[in-house]
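Below is my_file_39.cif, which holds mmCIF, C-alpha atoms and all ligand atoms.
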data_input
loop_
_atom_site.label_atom_id
_atom_site.label_comp_id
_atom_site.auth_asym_id
_atom_site.auth_seq_id
_atom_site.Cartn_x
_atom_site.Cartn_y
_atom_site.Cartn_z
CA MET A 1460 67.21 15.31 60.03
CA MET A 1461 68.56 16.75 56.80
CA THR A 1462 66.80 20.10 57.33
CA LEU A 1463 68.27 20.47 60.82
CA ALA A 1464 71.76 19.80 59.39
CA LEU A 1465 71.20 22.44 56.68
CA VAL A 1466 70.02 25.01 59.24
CA VAL A 1467 73.04 24.34 61.46
CA GLY A 1468 75.34 24.58 58.43
CA VAL A 1469 73.86 27.92 57.32
CA LEU A 1470 74.06 29.33 60.88
CA LEU A 1471 77.70 28.20 61.21
CA GLY A 1472 78.52 29.79 57.85
CA CYS A 1473 76.98 33.12 58.96
CA LEU A 1474 78.91 32.95 62.24
CA LEU A 1475 82.24 32.19 60.56
CA ILE A 1476 81.97 34.97 57.95
CA THR A 1477 81.05 37.62 60.54
CA ALA A 1478 83.58 36.34 63.11
CA LEU A 1479 86.30 36.52 60.46
CA ALA A 1480 85.44 40.19 59.82
CA LEU A 1481 85.42 40.93 63.56
CA TRP A 1482 88.81 39.22 63.91
CA ILE A 1483 90.27 41.39 61.10
CA GLY A 1484 88.79 44.48 62.78
CA LEU A 1485 90.36 43.52 66.14
CA LYS A 1486 93.75 42.95 64.48
CA LEU A 1487 93.63 46.30 62.66
CA SER A 1488 92.56 48.22 65.76
CA LYS A 1489 95.24 46.40 67.83
CA GLY A 1490 92.73 44.97 70.29
CA ARG A 1491 94.06 43.26 73.40
CA ARG A 1492 92.36 39.93 72.68
CA SER A 1493 92.70 39.69 68.91
CA GLY A 1494 92.91 35.89 68.41
CA PHE A 1495 90.33 34.30 66.09
CA SER A 1496 88.85 32.19 68.92
CA TRP A 1497 88.09 35.40 70.88
CA ALA A 1498 86.38 36.91 67.83
CA LEU A 1499 84.36 33.72 67.28
CA ALA A 1500 83.32 33.53 70.96
CA ALA A 1501 82.26 37.20 70.88
CA MET A 1502 80.21 36.65 67.73
CA VAL A 1503 78.48 33.54 69.20
CA ILE A 1504 77.54 35.47 72.37
CA ALA A 1505 76.42 38.46 70.27
CA PHE A 1506 74.18 36.20 68.13
CA VAL A 1507 72.63 34.58 71.23
CA GLY A 1508 71.81 38.03 72.62
CA TRP A 1509 70.41 39.29 69.31
CA THR A 1510 68.22 36.18 69.03
CA ALA A 1511 66.87 36.89 72.52
CA VAL A 1512 66.15 40.52 71.53
CA TYR A 1513 64.36 39.31 68.37
CA TRP A 1514 62.32 36.80 70.40
CA GLY A 1515 61.42 39.55 72.86
CA VAL A 1516 60.33 42.08 70.25
CA THR A 1517 58.16 39.48 68.46
CA HIS A 1518 56.53 38.28 71.70
CA ILE A 1519 55.90 41.47 73.70
CA PRO A 1520 52.19 42.36 73.47
CA LEU A 1521 52.06 45.84 71.91
CA PRO A 1522 49.10 48.22 72.18
CA GLU A 1523 47.36 47.68 68.84
CA THR A 1524 45.52 50.98 68.86
CA TRP A 1525 48.65 53.14 69.10
CA TRP A 1526 50.30 53.18 65.66
CA PRO A 1527 53.90 54.18 66.65
CA ALA A 1528 54.17 51.15 69.01
CA PRO A 1529 55.75 48.69 66.51
CA TYR A 1530 58.23 51.33 65.27
CA LEU A 1531 59.25 52.24 68.81
CA ALA A 1532 59.64 48.53 69.66
CA LEU A 1533 61.88 48.11 66.60
CA LEU A 1534 63.95 51.17 67.52
CA GLY A 1535 64.29 49.93 71.13
CA ALA A 1536 65.32 46.45 69.93
CA GLY A 1537 67.95 48.00 67.60
CA MET A 1538 69.41 50.05 70.45
CA ILE A 1539 69.54 47.04 72.80
CA ALA A 1540 71.23 45.00 70.03
CA VAL A 1541 73.93 47.66 69.57
CA LEU A 1542 74.41 48.03 73.33
CA TRP A 1543 74.74 44.23 73.60
CA ALA A 1544 77.50 44.18 70.94
CA TYR A 1545 79.31 46.97 72.84
CA LEU A 1546 79.06 45.10 76.17
CA VAL A 1547 80.33 41.86 74.61
CA SER A 1548 83.39 43.75 73.28
CA LEU A 1549 84.00 45.56 76.53
CA VAL A 1550 83.76 42.52 78.81
CA LEU A 1551 84.97 39.67 76.61
CA LEU A 1552 87.44 41.37 74.25
CA ARG A 1553 88.53 44.13 76.67
CA THR A 1554 88.49 46.76 73.92
CA THR A 1555 88.40 50.53 74.33
CA LEU A 1556 85.46 52.47 72.88
CA VAL A 1557 87.43 53.35 69.70
CA GLN A 1558 88.57 49.74 69.23
CA THR A 1559 84.98 48.54 69.73
CA LEU A 1560 83.73 50.91 67.04
CA ALA A 1561 86.53 49.92 64.62
CA ALA A 1562 86.04 46.19 65.20
CA TRP A 1563 82.26 46.22 64.75
CA LEU A 1564 82.33 48.65 61.80
CA SER A 1565 84.59 46.18 60.01
CA THR A 1566 81.83 43.55 60.32
CA VAL A 1567 79.34 45.68 58.34
CA PRO A 1568 80.54 44.40 54.90
CA ALA A 1569 80.42 40.83 56.30
CA PHE A 1570 76.78 41.29 57.36
CA VAL A 1571 75.99 42.65 53.87
CA ILE A 1572 77.65 39.56 52.34
CA VAL A 1573 75.70 37.27 54.70
CA TRP A 1574 72.45 39.05 53.77
CA LEU A 1575 73.21 38.65 50.04
CA LEU A 1576 74.13 34.97 50.49
CA LEU A 1577 70.91 34.30 52.44
CA HIS A 1578 68.75 36.01 49.80
CA LEU A 1579 70.47 34.89 46.61
CA VAL A 1580 71.91 31.47 47.45
CA VAL A 1581 70.26 30.00 50.57
CA ARG A 1582 66.71 31.10 49.66
CA ASN A 1583 66.95 29.91 46.04
CA TYR A 1584 68.85 26.64 46.46
CA LEU A 1585 68.82 25.47 50.10
CA LEU A 1586 66.12 26.71 52.49
CA GLU A 1587 63.21 29.13 52.35
CA ILE A 1588 60.66 30.22 54.96
CA ALA A 1589 57.07 30.08 53.69
CA TYR A 1590 53.42 30.06 54.77
CA LEU A 1591 50.13 29.00 53.20
CA ARG A 1592 47.10 31.00 52.12
CA SER A 1593 44.65 28.07 52.20
CA ASN A 1594 43.85 25.41 54.79
CA SER A 1595 43.70 22.52 52.32
CA MET A 1596 46.67 20.87 54.10
CA ALA A 1597 44.94 21.01 57.52
CA PRO A 1598 45.49 19.57 60.08
CA THR A 1599 49.19 19.19 59.10
CA LEU A 1600 49.75 22.78 57.92
CA LEU A 1601 47.45 25.69 58.74
CA ALA A 1602 46.62 29.04 57.18
CA LEU A 1603 44.40 31.64 58.94
CA HIS A 1604 41.88 29.58 60.90
CA HIS A 1605 39.36 29.32 63.72
CA VAL A 1606 39.16 26.55 66.32
CA GLY A 1607 36.13 24.42 67.25
CA THR A 1608 35.23 21.02 68.69
CA CYS A 1609 35.30 17.82 66.61
CA PRO A 1610 31.90 16.01 66.69
CA HIS A 1611 33.60 12.59 66.20
CA CYS A 1612 36.12 12.58 69.07
CA GLY A 1613 35.66 15.86 70.99
CA GLY A 1614 39.16 16.97 69.99
CA THR A 1615 40.30 20.26 68.45
CA ALA A 1616 38.96 20.96 64.98
CA TYR A 1617 40.59 23.54 62.72
CA VAL A 1618 38.09 25.55 60.67
CA PRO A 1619 39.38 27.65 57.75
CA TYR A 1620 38.99 31.40 58.01
CA THR A 1621 36.83 32.21 55.01
CA THR A 1622 33.88 34.33 54.04
CA ASN A 1623 32.55 31.81 51.51
CA PHE A 1624 29.84 29.72 53.20
CA GLU A 1625 28.07 28.78 49.96
CA TYR A 1626 28.35 25.01 50.34
CA GLU A 1627 28.08 24.76 54.11
CA PRO A 1628 24.81 24.04 55.94
CA PRO A 1629 23.55 26.98 58.04
CA GLY A 1630 25.11 27.12 61.50
CA ALA A 1631 27.94 24.68 60.74
CA ARG A 1632 31.40 24.87 59.17
CA TYR A 1633 33.60 22.22 57.62
CA GLY A 1634 36.71 21.58 59.69
CA MET A 1635 39.56 19.13 60.09
CA CYS A 1636 40.27 17.45 63.43
CA LYS A 1637 43.76 17.66 64.88
CA ASP A 1638 43.21 14.53 66.99
CA CYS A 1639 41.26 11.96 64.89
CA ARG A 1640 42.30 13.65 61.57
CA LYS A 1641 38.78 13.37 60.15
CA SER A 1642 36.91 16.08 58.30
CA CYS A 1643 33.83 17.15 60.22
CA LEU A 1644 30.95 19.63 60.42
CA VAL A 1645 31.71 21.89 63.37
CA ARG A 1646 28.69 23.46 65.07
CA GLU A 1647 30.38 25.81 67.51
CA VAL A 1648 33.28 27.72 66.01
CA GLY A 1649 35.26 30.20 68.11
CA SER A 1650 35.45 33.74 66.73
CA ALA A 1651 39.21 34.10 67.43
CA ILE A 1652 41.39 34.02 64.30
CA PHE A 1653 44.68 32.09 64.55
CA ARG A 1654 47.61 32.84 62.26
CA SER A 1655 49.25 30.75 59.53
CA ASP A 1656 52.07 28.29 60.26
CA ARG A 1657 55.54 29.35 59.16
CA PHE A 1658 57.63 26.51 57.77
CA LEU A 1659 60.99 25.84 56.12
CA ILE A 1660 61.15 24.44 52.59
CA ASN A 1661 64.13 22.14 52.12
CA LYS A 1662 65.26 22.50 48.49
CA VAL A 1663 68.00 19.87 48.66
CA VAL A 1664 66.26 16.57 49.48
CA ALA A 1665 64.33 14.51 46.90
CA PRO A 1666 60.59 14.00 47.59
CA ARG A 1667 59.49 10.67 49.09
CA ARG A 1668 55.99 9.26 49.55
CA TRP A 1669 53.96 11.18 52.24
CA ASP A 1670 56.34 14.18 52.08
CA LEU A 1671 54.77 17.62 51.77
CA VAL A 1672 56.07 19.40 48.67
CA THR A 1673 55.73 22.99 47.48
CA TYR A 1674 55.35 24.03 43.84
CA ARG A 1675 54.09 26.93 41.79
CA ASP A 1676 50.87 26.62 39.85
CA PRO A 1677 51.42 26.62 36.02
CA LEU A 1678 49.03 29.51 35.35
CA ARG A 1679 49.32 31.99 38.21
CA GLN A 1680 52.71 31.05 39.69
CA VAL A 1681 51.12 30.98 43.15
CA ARG A 1682 52.82 28.70 45.71
CA PHE A 1683 50.93 25.60 46.84
CA THR A 1684 51.77 22.77 49.24
CA LYS A 1685 50.50 19.20 48.80
CA ARG A 1686 51.32 15.69 49.98
CA VAL A 1687 53.10 13.25 47.65
CA VAL A 1688 51.14 9.98 47.44
CA GLY A 1689 52.21 8.62 44.03
CA LEU A 1690 55.78 8.36 42.74
CA PRO A 1691 57.19 8.21 39.18
CA GLY A 1692 56.24 5.03 37.32
CA GLU A 1693 53.36 4.11 39.66
CA GLU A 1694 49.65 3.62 39.02
CA VAL A 1695 47.63 5.36 41.74
CA TYR A 1696 44.00 5.51 42.78
CA ILE A 1697 41.92 6.25 45.88
CA ASN A 1698 39.34 3.81 47.21
CA GLU A 1699 37.42 3.85 50.51
CA GLY A 1700 39.67 6.65 51.81
CA LYS A 1701 42.90 4.76 51.15
CA VAL A 1702 45.64 5.23 48.57
CA PHE A 1703 46.28 2.24 46.30
CA VAL A 1704 49.60 2.00 44.47
CA ASN A 1705 49.93 -0.58 41.68
CA GLY A 1706 46.76 -2.26 43.01
CA GLU A 1707 47.80 -2.51 46.69
CA ALA A 1708 46.65 -0.32 49.60
CA VAL A 1709 49.56 1.66 51.10
CA PRO A 1710 49.45 1.98 54.91
CA LEU A 1711 49.60 5.52 56.32
CA PRO A 1712 52.53 6.51 58.56
CA ALA A 1713 51.83 6.80 62.31
CA ASP A 1714 51.48 10.60 62.27
CA MET A 1715 48.73 10.41 59.62
CA GLN A 1716 46.51 7.71 61.14
CA GLY A 1717 42.80 8.42 60.63
CA LEU A 1718 43.28 10.56 57.53
CA GLU A 1719 40.98 9.61 54.63
CA PHE A 1720 41.24 10.72 51.03
CA SER A 1721 37.97 11.49 49.31
CA LEU A 1722 36.67 10.86 45.80
CA HIS A 1723 34.52 13.99 45.88
CA GLN A 1724 34.59 17.52 47.22
CA PHE A 1725 32.20 18.99 49.78
CA ASP A 1726 30.22 20.69 47.01
CA GLY A 1727 29.64 17.23 45.48
CA ARG A 1728 32.08 17.54 42.56
CA PRO A 1729 33.61 14.10 41.85
CA ALA A 1730 37.33 13.41 41.40
CA LEU A 1731 38.41 13.33 37.75
CA TRP A 1732 41.61 11.33 38.15
CA GLY A 1733 43.01 8.76 40.57
CA THR A 1734 39.67 6.93 40.91
CA PRO A 1735 39.33 3.12 40.65
CA GLU A 1736 37.77 3.68 37.18
CA SER A 1737 40.47 6.07 35.93
CA PRO A 1738 43.70 5.53 37.89
CA ALA A 1739 46.53 8.02 37.48
CA VAL A 1740 49.43 6.50 35.55
CA LEU A 1741 52.63 8.39 36.34
CA GLY A 1742 55.51 8.73 33.89
CA PRO A 1743 59.15 9.34 34.77
CA ASN A 1744 59.58 12.41 37.03
CA GLU A 1745 55.81 12.69 37.66
CA TYR A 1746 54.11 12.78 41.07
CA PHE A 1747 50.49 12.41 42.23
CA VAL A 1748 49.79 14.85 45.08
CA LEU A 1749 46.82 15.23 47.43
CA ASP A 1750 45.59 17.61 50.13
CA ASP A 1751 45.03 16.34 53.69
CA PHE A 1752 41.74 18.30 53.97
CA SER A 1753 40.52 16.10 51.15
CA ILE A 1754 36.92 17.29 50.76
CA ARG A 1755 38.11 20.91 50.39
CA GLY A 1756 41.25 20.10 48.40
CA HIS A 1757 41.97 21.04 44.82
CA ASP A 1758 44.74 18.58 44.03
CA SER A 1759 45.86 15.97 41.44
CA ARG A 1760 42.32 14.47 41.58
CA MET A 1761 40.73 17.69 40.35
CA TRP A 1762 43.27 19.44 38.12
CA THR A 1763 42.19 20.46 34.61
CA THR A 1764 45.14 22.69 33.59
CA PRO A 1765 48.13 20.42 32.96
CA PHE A 1766 51.76 21.34 33.42
CA PRO A 1767 53.00 21.58 29.79
CA GLY A 1768 53.91 18.14 28.42
CA HIS A 1769 52.28 16.17 31.28
CA PRO A 1770 48.85 14.64 31.97
CA PRO A 1771 46.51 16.93 34.01
CA TYR A 1772 46.96 14.97 37.29
CA ALA A 1773 50.78 14.94 37.25
CA LEU A 1774 53.08 17.28 39.16
CA PRO A 1775 56.44 17.21 37.34
CA ARG A 1776 59.65 16.98 39.37
CA SER A 1777 60.97 20.13 37.65
CA SER A 1778 58.07 22.17 39.11
CA ILE A 1779 58.63 20.98 42.69
CA GLU A 1780 60.44 23.67 44.71
CA GLY A 1781 61.23 21.51 47.70
CA VAL A 1782 60.02 19.42 50.62
CA VAL A 1783 58.51 20.94 53.76
CA GLY A 1784 61.28 20.16 56.27
CA TRP A 1785 60.40 21.96 59.47
CA ILE A 1786 57.28 23.65 60.88
CA LEU A 1787 58.90 26.55 62.75
CA TRP A 1788 56.07 28.60 64.19
CA PRO A 1789 53.87 28.82 66.26
CA GLU A 1790 55.97 27.20 68.98
CA ASP A 1791 53.28 24.68 70.02
CA ARG A 1792 53.09 23.33 66.44
CA MET A 1793 56.86 23.20 65.88
CA ARG A 1794 57.80 19.91 64.22
CA LEU A 1795 60.74 18.55 62.25
CA LEU A 1796 59.44 16.63 59.22
CA ARG A 1797 62.56 15.80 57.18
ZN ZN A 1801 38.19 14.29 66.00
#
Entire entry expressed as structure tokens:
Amino acid sequence: MMTLALVVGVLLGCLLITALALWIGLKLSKGRRSGFSWALAAMVIAFVGWTAVYWGVTHIPLPETWWPAPYLALLGAGMIAVLWAYLVSLVLLRTTLVQTLAAWLSTVPAFVIVWLLLHLVVRNYLLEIAYLRSNSMAPTLLALHHVGTCPHCGGTAYVPYTTNFEYEPPGARYGMCKDCRKSCLVREVGSAIFRSDRFLINKVVAPRRWDLVTYRDPLRQVRFTKRVVGLPGEEVYINEGKVFVNGEAVPLPADMQGLEFSLHQFDGRPALWGTPESPAVLGPNEYFVLDDFSIRGHDSRMWTTPFPGHPPYALPRSSIEGVVGWILWPEDRMRLLR
């Protein structure tokens, strides 16, 4: 629930800063309804309308072959947003045209401040929207993908969008089932390409076991997302698909039932670390992280380039950006995780 509280807090902060500016504008232009509660109510209604306009412009099917379409849609949305602000003033605040202009112009610096706060403070220290480039966290988080049928249960299998078929048998693709959460060879893959999930990284909470964490790779500084399975001070290995911590199998949470972690990749390469023969021993502030799409994953089991000062399999706490708190988009995959 922490992520939801953070989102509500950030939204309230944005509302208060802009409503304060509108209130000052109404006072200065001697508006008829210049109390702070009127300014706040007007800003809330304005935000609701602008959100609806944003939803509309991102959901209207545009003709893809006509290049000015997105620009015209943006221009139209901007005009509707301005008209909406004018109507809110006229009806709710009973302002004249000049007062409306004065009141809303005084909010411009507030919106600049909000924009700066969102980019410099919120994005760096509290919340950030992100997406993935690989499907190694499927079926929990998806990048560009196709959809097929799972041969185990007949459910929906997600198949990564890729042009590299080197290790796949002809006529079949490796996928990950949404329903039984098993990796599978999918024979019939749809040609439609589905887009990547958008999710919120919560940079405030500390990672717990089974959380999804994001970090940047030590060499290329590319963002990755993996699942925490081993915590500082623990000894971790994988056996028969299960995670063992300090010699005992750890049960999976309800939303992960069926998932199995592998000791090899689909090209046959064996795991280097976290095997029964060479368990991963984690020091203070070190985590062992795995991908859900285990046979395609390149995770703590396989790493060869260590974070400086740590064993190759360890993800240090200082490199973790945050915990995936909320899958925001697409709507049918929306889910609050922390
Ligand atoms: Zn299945």
- Item | Residues within 7 Å of ligand ZN 1801 (chain A), counting only C-alpha atoms and all ligand atoms, as a list in words |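 Result of the 7 Å neighbour search around ligand ZN 1801 (chain A): Cys1609, Pro1610, His1611, Cys1612, Gly1613, Gly1614, Thr1615, Ala1616, Cys1636, Lys1637, Asp1638, Cys1639, Arg1640 and Lys1641 of chain A.
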Expected file: the selected residues, C-alpha atoms, as a PDB file, in the frame of the given file:
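Result file result.pdb:
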ATOM      1  CA  CYS A1609      35.300  17.820  66.610  1.00  0.00           C
ATOM      2  CA  PRO A1610      31.900  16.010  66.690  1.00  0.00           C
ATOM      3  CA  HIS A1611      33.600  12.590  66.200  1.00  0.00           C
ATOM      4  CA  CYS A1612      36.120  12.580  69.070  1.00  0.00           C
ATOM      5  CA  GLY A1613      35.660  15.860  70.990  1.00  0.00           C
ATOM      6  CA  GLY A1614      39.160  16.970  69.990  1.00  0.00           C
ATOM      7  CA  THR A1615      40.300  20.260  68.450  1.00  0.00           C
ATOM      8  CA  ALA A1616      38.960  20.960  64.980  1.00  0.00           C
ATOM      9  CA  CYS A1636      40.270  17.450  63.430  1.00  0.00           C
ATOM     10  CA  LYS A1637      43.760  17.660  64.880  1.00  0.00           C
ATOM     11  CA  ASP A1638      43.210  14.530  66.990  1.00  0.00           C
ATOM     12  CA  CYS A1639      41.260  11.960  64.890  1.00  0.00           C
ATOM     13  CA  ARG A1640      42.300  13.650  61.570  1.00  0.00           C
ATOM     14  CA  LYS A1641      38.780  13.370  60.150  1.00  0.00           C
TER      15      LYS A1641
END
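For the set A:His1604, A:His1518, A:Arg1492, A:Arg1755, the residue with the smallest atom-to-atom gap to Cys1643 (chain A) is A:Arg1755, counting all atoms listed in the file.
You can rank A:Val1469, A:Leu1718, A:Ala1773, A:Ala1713 by their closest distance to Leu1585 (chain A) using all atoms listed in the file, and at the top of that list sits A:Val1469.
Residues lying within 8 Å of (53.1, 4.0, 54.4). Counted over only C-alpha atoms, they are Arg1668, Trp1669, Val1709, Pro1710, Leu1711 and Pro1712 of chain A.
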- Task: Please provide as a list in words all residues within 10 Å of Tyr1513 (chain A), with the sequence filter that same-chain residues fewer than 6 positions apart are discarded (counting all atoms listed in the file).
- Result: Val1507, Leu1533, Ala1536, Gly1537 and Ala1540 of chain A
Can you tell me which residues surround Ser1721 (chain A) at a distance of at most 9 Å, considering only C-alpha atoms, apart from same-chain residues fewer than 3 positions away, and format the answer as an mmCIF file with C-alpha atoms, keeping the file's coordinate frame?
data_model
loop_
_atom_site.group_PDB
_atom_site.id
_atom_site.type_symbol
_atom_site.label_atom_id
_atom_site.label_comp_id
_atom_site.auth_asym_id
_atom_site.auth_seq_id
_atom_site.Cartn_x
_atom_site.Cartn_y
_atom_site.Cartn_z
ATOM 1 C CA ILE A 1697 41.920 6.250 45.880
ATOM 2 C CA ASN A 1698 39.340 3.810 47.210
ATOM 3 C CA GLU A 1699 37.420 3.850 50.510
ATOM 4 C CA GLY A 1700 39.670 6.650 51.810
ATOM 5 C CA LYS A 1701 42.900 4.760 51.150
ATOM 6 C CA GLN A 1724 34.590 17.520 47.220
ATOM 7 C CA ALA A 1730 37.330 13.410 41.400
ATOM 8 C CA SER A 1753 40.520 16.100 51.150
ATOM 9 C CA ILE A 1754 36.920 17.290 50.760
#
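Going from CA of Phe1720 (chain A) to CA of Leu1749 (chain A) covers 8.0 Å.
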- Query: Within 6 Å of (61.5, 24.0, 59.8), in the coordinates the file gives, what residues turn up when you count all atoms listed in the file, written out as a list in words?
  - Reply: Phe1658, Leu1659, Gly1784, Trp1785, Ile1786 and Leu1787 of chain A
